[in-house]
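Trainee: Right, I'll just put the structure down here and ask away after.
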There are 2 protein chains.
Amino acid sequence: MNIPDTNLKRIVVIGGGFGGLRLAKKLSTKDYQVVLLDKHNYHAFQPLLYQVATAGLEPDSIAHAIRQVFAGKDNFYFRIANVNAIDTDHNSITTNIGSIDFDYLVIATGSDTNYYGNKNIEKNAMPMKSIPEALDLRSLILQNLEKALLTNDLDERSRLMNYVIVGGGPTGVELAGAMGELKKHVLPHDYPDLDIRRMNVHLIQGADRLLPTMSQNASDKAAKYLKDLGVQVWFNMMVKDYDGNVITTDTRPFEATTLIWAAGVKGSLIPGIDESSILGGRYLVNEFNQIQGYDDIFALGDVALMKSEEKPYGDPMVAQVAIQQGKLLANNFDNLNEGKPMKPFSYKDKGSMATIGRDKAVVDLPNWKFAGWFAWFVWMFVHLVSLVGFRNKVVALMNWVIQYFQYNKSVRLIIRPYKGKKEPSESDPAMF
Amino acid sequence: MNIPDTNLKRIVVIGGGFGGLRLAKKLSTKDYQVVLLDKHNYHAFQPLLYQVATAGLEPDSIAHAIRQVFAGKDNFYFRIANVNAIDTDHNSITTNIGSIDFDYLVIATGSDTNYYGNKNIEKNAMPMKSIPEALDLRSLILQNLEKALLTNDLDERSRLMNYVIVGGGPTGVELAGAMGELKKHVLPHDYPDLDIRRMNVHLIQGADRLLPTMSQNASDKAAKYLKDLGVQVWFNMMVKDYDGNVITTDTRPFEATTLIWAAGVKGSLIPGIDESSILGGRYLVNEFNQIQGYDDIFALGDVALMKSEEKPYGDPMVAQVAIQQGKLLANNFDNLNEGKPMKPFSYKDKGSMATIGRDKAVVDLPNWKFAGWFAWFVWMFVHLVSLVGFRNKVVALMNWVIQYFQYNKSVRLIIRPYKGKKEPSESDPAMF
């Protein structure tokens with residue numbers, strides 16, 4: 001890996017997502033040598049992936065080069081790497097670009113799509129957890145309409161024009177809303193020789209309401225907004241199987257060429273940590289984010305499970321938890337260095353929000369829950385401020401302003417056609 | 001293809017580049033049914049491909065969805081298709097999505113990279129004639145630096161950090177300039193643990209000056225600007241071979257992992273036209289853009305060669321020629337419909353320009369040749385105005401303004417790593 005050995009202790013951080021990036025930015029490189037590894041050379045702003053998939057934003061405006069974030073930081077090393085295993089006995093990790101020793105290791109690998117063991121769904125459904133995946137989805141959504149134009153088989157055309165989204169959390173709801181907007185405002189102009197009224201967007205939710213972690217009011221408003229956009233929402237329905245054409249559920253089947261799976265995530269684990277420290281696909285950590293049974297190995301964000309009596313399932317798997325843990329852990333490394341005790345983590349819930357479409361958003365703040373155009377404005381403001389990089393903020397804002405006035409989504413481009421999952425190279429970015 | 005047969009005559013246009021797009025926009029669909037075919041679902045603004053390759057612009061801002069251009073146009077049909085052959089006896093073409101009859105056919109397929117039959121170069125060099133190719137190049141440029149960080153083999157590191165561009169026309173010059181800017185202003189901050197001074201950008205030109213179609217003053221200025229940016233320019237040098245590591249020329253070898261081939265283009269021909277109507281890889285056309293020997297089959301732009309006694313090599317293969325021919329041909333179809341004689345084409349040269357870097361451009365207008373910051377400003381203005389779509393203009397302008405003040409190129413992202421040319425799927429976009 002070509003990282004020099006120094007007298008300073010070395011902290012290796014795996015993952016440049018919300019948690020890993022915040023931690024690495026705050027870590028003092030006077031006291032530690034910091035090594036950051038990621039599969040990509042960019043930080044992806046995952047909450048806006050659905051806008052990439054639905055042609056609202058170009059991928060480049062939700063991605064930010066990691067090297068740019070750390071330009072000028074001494075004693076800091078970034079490498080693109082896939083981490084294969086952790087050797088906890090010798091405090092080292094092995095990767096596709098060699099192995100490296102650590103004094104402290106922080107696993108901030110985030111989460112990946114969870115198909116709950118269903119191989120058929122994994123093979124045939126579309127995930128949306130990374131920028132390449134969102135781009136594949138953008139290509140597929142458009143390709144299906146192009147194919148629908150070509151067929152005279154009415155069943156096939158109907159399958160091609162049915163888009164089924166599974167999962168009524170924020171990702172599923174936001175994606176369904178954006179698809180509804182495409183259907184309502186954009187596609188009828190693009191495809192005059194296709195009857196876009198025959199296009200269906202279905203959202204399948206296992207629970208009896210959408211956005212179950214938000215208020216009842218937010219759930220109701222979200223369902224209403226989706227209905228206004230022509231999305232068909234199905235509650236209390238469990239998807240059982242999918243062969244690429246027919247989606248089997250516990251009540252009725254759906255015929256669709258596209259199934260988008262937003263029904264679950266699991267921690268992105270790395271082999272080497274003792275099984276007893278893993279629960280439900282996440283690393284069990286104490287209030288200092290140390291993995292149970294290890295003093296030098298930490299986990300934070302989605303991949304960490306900080307259980308307590310009040311919170312048996314830990315904190316939600318959202319960006320804010322990862323960011324707050326990253327911030328605190330950087331301080332705790334200072335404390336460690338100065339021989340002071342570490343401070344325990346407790347999550348400050350700043351609220352949550354989701355946008356369904358133009359002027360249609362729901363916001364739950366700790367003391368104020370609201371919906372509508374003002375919520376949409378707040379949503380936009382918060383997301384703009386959170387985007388990393390001045391350029392990204394400007395470009396995203398310009399896109400949203402133009403879309404607001406034109407009812408348009410301008411980046412409906414098939415730059416690389418989606419050709420099925422048979423190409424591992426596409427989804428395996430670190431192996432260059 | 002599912003295109004209805006009507007009483008109107010059908011014009012099939014192959015290619016949504018500058019010529020095909022302009023023609024199809026201007027064609028009267030009251031008098032003709034118009035069918036436009038392209039391999040992609042977007043029009044690519046090719047003059048700015050080099051900015052995509054060098055992380056200055058996101059691909060989405062130089063691409064514009066073709067369907068968006070034609071929204072609301074009746075009796076117009078767009079299809080994504082690869083055209084395989086023309087059956088001139090039966091006035092029909094075969095494509096990957098079926099065959100279609102035509103009354104008139106216009107071939108506006110543009111040009112592709114010309115390796116002049118050298119298989120090794122074709123296999124090992126990087127072309128830059130499409131957005132996927134430019135994105136591959138962006139990935140490769142960045143990947144090589146990441147790899148250079150990892151090796152202790154000084155020869156290998158030096159090969160990885162040598163970027164050789166072949167061809168001193170506008171593409172090669174603009175690309176070399178952008179690479180020089182990356183080297184001078186951006187990469188030293190991104191790669192503190194790599195000695196970027198050891199990075200070399202070579203530009204190899206066969207003639208004795210750069211931009212040979214422009215004025216001597218433009219050539220001299222371009223060479224000076226490139227030198228200022230640290231680019232090494234080699235004149236009167238012919239590249240003979242390239243095995244992926246060593247570039248053989250008629251004078252000296254270069255060791256480099258990256259060879260970018262901007263040394264020639266050839267028309268993108270489609271099988272079926274008689275060999276006698278093809279010269280130097282282009283269709284011989286008369287002054288009405290009719291292919292020699294055919295009344296109903298036209299070619300325009302790069303793929304057409306309109307020879308005359310004064311112009312034995314026809315007009316230059318540039319966007320302006322294609323645009324002007326597309327415009328005139330649309331009028332001539334009106335004339336045909338009204339039984340009037342067609343008007344002959346003659347190229348109005350509006351001038352040419354190239355940009356080497358910030359405040360460094362050369363402009364040759366018919367009566368005024370100038371260089372420097374004002375030329376750069378004119379270059380920017382002309383390219384902004386020419387970009388299709390309001391959104392693209394705004395986003396490109398924002399990127400350029402930010403880069404101007406920050407000396408930065410913000411989209412240095414490896415979104416899909418380049419893995420060599422062994423994957424035909426990557427460069428074969430229409431086969432979805």
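Each chain in the structure tokens gets a letter, A, B and so on, in the order shown; residues start at 1 in every chain, and ligands are counted from 1 in the order they appear.
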Distance limit 8 Å, atoms considered: only C-alpha atoms. Which chain B residues sit that close to chain A? Return them as JSON, numbers by chain.
Mentor: {"B": [1, 2, 40, 41, 42, 58, 60, 63, 64, 65, 67, 68, 70, 71, 72, 77, 79, 80, 97, 131, 132, 143, 146, 149, 150, 151, 152, 189, 190, 191, 192, 193, 391, 394, 395, 398, 399, 402, 410, 411, 412, 413, 414, 415, 416, 417, 418, 419, 426, 429, 430, 431, 432]}
Trainee: Go ahead and save the picked residues with N, CA and C atoms, as a short mmCIF file (atom, residue, chain, number, x, y, z; two decimals), in the first residue's frame.
Mentor:
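File produced: again29.cif:
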```cif
data_model
loop_
_atom_site.label_atom_id
_atom_site.label_comp_id
_atom_site.auth_asym_id
_atom_site.auth_seq_id
_atom_site.Cartn_x
_atom_site.Cartn_y
_atom_site.Cartn_z
N MET B 1 -40.48 -2.37 -35.69
CA MET B 1 -40.19 -1.05 -35.11
C MET B 1 -41.44 -0.33 -34.67
N ASN B 2 -42.59 -0.86 -35.11
CA ASN B 2 -43.86 -0.27 -34.70
C ASN B 2 -44.01 1.18 -35.12
N HIS B 40 -27.78 5.93 -29.34
CA HIS B 40 -28.01 6.42 -27.98
C HIS B 40 -29.36 7.13 -27.90
N ASN B 41 -29.82 7.39 -26.70
CA ASN B 41 -31.06 8.15 -26.57
C ASN B 41 -30.77 9.64 -26.37
N TYR B 42 -29.51 10.03 -26.64
CA TYR B 42 -29.15 11.43 -26.44
C TYR B 42 -28.26 11.93 -27.58
N GLU B 58 -19.45 17.21 -16.11
CA GLU B 58 -20.10 15.91 -16.00
C GLU B 58 -20.66 15.54 -17.36
N ASP B 60 -23.45 14.44 -18.21
CA ASP B 60 -24.86 14.79 -18.41
C ASP B 60 -25.02 16.21 -18.94
N ALA B 63 -24.74 16.11 -22.82
CA ALA B 63 -25.68 15.19 -23.49
C ALA B 63 -27.09 15.75 -23.34
N HIS B 64 -27.90 15.56 -24.34
CA HIS B 64 -29.26 16.07 -24.27
C HIS B 64 -30.19 15.00 -24.84
N ALA B 65 -31.22 14.65 -24.07
CA ALA B 65 -32.13 13.59 -24.48
C ALA B 65 -32.80 13.96 -25.81
N ARG B 67 -35.41 12.68 -27.22
CA ARG B 67 -36.86 12.78 -27.11
C ARG B 67 -37.29 14.17 -26.63
N GLN B 68 -36.46 14.76 -25.78
CA GLN B 68 -36.81 16.09 -25.25
C GLN B 68 -36.78 17.13 -26.38
N PHE B 70 -37.56 16.70 -29.40
CA PHE B 70 -38.68 16.56 -30.34
C PHE B 70 -40.04 16.47 -29.65
N ALA B 71 -40.07 16.77 -28.35
CA ALA B 71 -41.34 16.67 -27.63
C ALA B 71 -42.39 17.53 -28.32
N GLY B 72 -43.53 16.97 -28.58
CA GLY B 72 -44.63 17.73 -29.20
C GLY B 72 -44.62 17.72 -30.70
N TYR B 77 -40.91 9.98 -35.25
CA TYR B 77 -40.66 8.76 -34.47
C TYR B 77 -39.17 8.62 -34.20
N ARG B 79 -36.25 6.11 -32.50
CA ARG B 79 -35.94 4.78 -31.99
C ARG B 79 -34.44 4.66 -31.72
N ILE B 80 -34.11 3.98 -30.62
CA ILE B 80 -32.71 3.61 -30.37
C ILE B 80 -32.42 2.36 -31.19
N ILE B 97 -33.44 -3.75 -34.14
CA ILE B 97 -34.83 -3.80 -33.68
C ILE B 97 -35.80 -4.00 -34.85
N ILE B 131 -19.42 9.57 -25.35
CA ILE B 131 -19.44 9.84 -23.91
C ILE B 131 -18.94 8.64 -23.10
N PRO B 132 -19.38 7.40 -23.40
CA PRO B 132 -18.79 6.29 -22.64
C PRO B 132 -17.27 6.23 -22.79
N GLN B 143 -7.33 6.36 -12.34
CA GLN B 143 -6.89 5.05 -11.87
C GLN B 143 -5.38 4.90 -11.94
N GLU B 146 -3.80 6.41 -9.02
CA GLU B 146 -4.00 5.58 -7.83
C GLU B 146 -3.04 4.39 -7.84
N LEU B 149 0.58 5.29 -6.99
CA LEU B 149 0.80 5.39 -5.55
C LEU B 149 1.22 4.06 -4.95
N LEU B 150 0.76 2.98 -5.57
CA LEU B 150 0.89 1.67 -4.94
C LEU B 150 2.18 0.95 -5.29
N THR B 151 2.85 1.39 -6.35
CA THR B 151 4.00 0.62 -6.82
C THR B 151 5.31 1.23 -6.31
N ASN B 152 6.30 0.35 -6.08
CA ASN B 152 7.64 0.81 -5.76
C ASN B 152 8.59 0.61 -6.94
N HIS B 189 -2.51 18.82 -5.29
CA HIS B 189 -3.26 18.85 -4.04
C HIS B 189 -3.91 17.51 -3.75
N ASP B 190 -4.32 16.83 -4.83
CA ASP B 190 -5.01 15.56 -4.64
C ASP B 190 -4.06 14.45 -4.21
N TYR B 191 -2.84 14.51 -4.69
CA TYR B 191 -1.88 13.42 -4.45
C TYR B 191 -0.63 13.93 -3.75
N PRO B 192 -0.76 14.31 -2.47
CA PRO B 192 0.42 14.83 -1.77
C PRO B 192 1.52 13.77 -1.63
N ASP B 193 1.13 12.49 -1.62
CA ASP B 193 2.15 11.46 -1.46
C ASP B 193 2.66 10.92 -2.80
N ARG B 391 -30.81 23.69 -19.40
CA ARG B 391 -30.16 23.12 -18.23
C ARG B 391 -28.66 22.90 -18.48
N VAL B 394 -26.70 26.10 -18.32
CA VAL B 394 -26.55 26.62 -16.96
C VAL B 394 -25.52 25.80 -16.19
N VAL B 395 -25.64 24.48 -16.29
CA VAL B 395 -24.73 23.63 -15.51
C VAL B 395 -23.29 23.78 -16.02
N MET B 398 -21.95 27.13 -14.80
CA MET B 398 -21.61 27.09 -13.38
C MET B 398 -20.28 26.37 -13.16
N ASN B 399 -20.13 25.24 -13.84
CA ASN B 399 -18.88 24.50 -13.69
C ASN B 399 -17.68 25.34 -14.11
N ILE B 402 -17.02 28.25 -11.60
CA ILE B 402 -16.40 27.76 -10.37
C ILE B 402 -14.95 27.37 -10.62
N SER B 410 -13.89 19.58 -10.82
CA SER B 410 -14.55 18.96 -9.68
C SER B 410 -15.06 17.56 -9.89
N VAL B 411 -15.18 17.11 -11.12
CA VAL B 411 -15.82 15.82 -11.30
C VAL B 411 -14.80 14.71 -11.52
N ARG B 412 -13.73 14.72 -10.72
CA ARG B 412 -12.72 13.70 -10.89
C ARG B 412 -13.13 12.43 -10.14
N LEU B 413 -14.12 11.78 -10.66
CA LEU B 413 -14.76 10.63 -10.03
C LEU B 413 -14.57 9.40 -10.91
N ILE B 414 -14.25 8.29 -10.26
CA ILE B 414 -14.18 7.02 -10.99
C ILE B 414 -15.49 6.30 -10.73
N ILE B 415 -16.51 6.64 -11.49
CA ILE B 415 -17.82 6.07 -11.18
C ILE B 415 -17.92 4.65 -11.71
N ARG B 416 -17.38 4.41 -12.87
CA ARG B 416 -17.22 3.02 -13.33
C ARG B 416 -15.78 2.84 -13.76
N PRO B 417 -15.02 2.06 -13.01
CA PRO B 417 -13.62 1.88 -13.37
C PRO B 417 -13.45 1.35 -14.78
N TYR B 418 -12.40 1.77 -15.44
CA TYR B 418 -12.08 1.26 -16.76
C TYR B 418 -11.32 -0.04 -16.61
N LYS B 419 -11.76 -1.07 -17.29
CA LYS B 419 -11.15 -2.38 -17.12
C LYS B 419 -10.63 -2.95 -18.42
N GLU B 426 -19.51 -2.63 -23.04
CA GLU B 426 -19.33 -1.24 -22.61
C GLU B 426 -19.41 -0.26 -23.77
N PRO B 429 -23.57 0.50 -27.07
CA PRO B 429 -24.67 0.95 -26.24
C PRO B 429 -26.05 0.55 -26.74
N ALA B 430 -26.22 0.31 -28.03
CA ALA B 430 -27.58 0.11 -28.50
C ALA B 430 -28.13 -1.27 -28.19
N MET B 431 -27.29 -2.20 -27.82
CA MET B 431 -27.72 -3.58 -27.62
C MET B 431 -28.30 -3.79 -26.24
N PHE B 432 -29.36 -3.11 -25.93
CA PHE B 432 -29.93 -3.33 -24.59
C PHE B 432 -30.89 -4.50 -24.60
#
```
Trainee: Excluding same-chain residues fewer than 2 positions from Leu160 in chain A, what lies within 8 Å of it counting only C-alpha atoms, as a PyMOL selection string?
Mentor: chain A and resi 144-145+147-148+156-158+162-163+256-258
Trainee: Would you mind listing what lies within 7 Å of Val321 in chain A as a VMD selection string, with only C-alpha atoms counted and same-chain residues fewer than 3 positions away left out?
Mentor: chain A and resid 301 318 324 to 325 347
Trainee: Go ahead and write the residues just picked, C-alpha atoms, as a CSV table (one decimal), in the first residue's frame.
Mentor:
```
chain,number,residue,atom,x,y,z
A,301,GLY,CA,-22.9,4.1,11.5
A,318,VAL,CA,-29.5,6.9,9.0
A,324,GLN,CA,-22.7,12.1,15.2
A,325,GLN,CA,-20.8,8.9,16.0
A,347,TYR,CA,-28.1,10.0,19.6
```
Trainee: With only C-alpha atoms as the counted atoms, please give the residues lying no more than 8 Å from Gln46 in chain A, apart from itself and same-chain residues fewer than 3 positions off, as a PyMOL selection string.
Mentor: chain A and resi 49+62+129-130
Trainee: Hey, can you check how far CA of Phe254 in chain B sits from CA of Arg138 in chain B?
Mentor: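 Those two atoms sit 21.3 Å apart.
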Trainee: Which is closer to Phe102 in chain A than all the others in A:Met126, A:Val388, A:Ala85, A:Ile297, using only C-alpha atoms?
Mentor: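 So, comparing all the options, the nearest one is A:Ile297.
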Trainee: Give the strand (DSSP E or B) residues of range 77-150 of chain B, as assigned by DSSP on the backbone, as number ranges by chain.
Mentor: B: 77-80, 83-87, 92-95, 98-101, 104-107, 111-113, 126
Trainee: Report the distance between CA of Ile270 in chain A and CA of Asp112 in chain A in Å, rounded to one decimal place.
Mentor: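 Separation of CA of Ile270 in chain A and CA of Asp112 in chain A: 12.3 Å.
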Trainee: Separation of CA of Ala44 in chain B and CA of Val13 in chain B, in Å?
Mentor: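 Calculated distance between CA of Ala44 in chain B and CA of Val13 in chain B is 16.5 Å.
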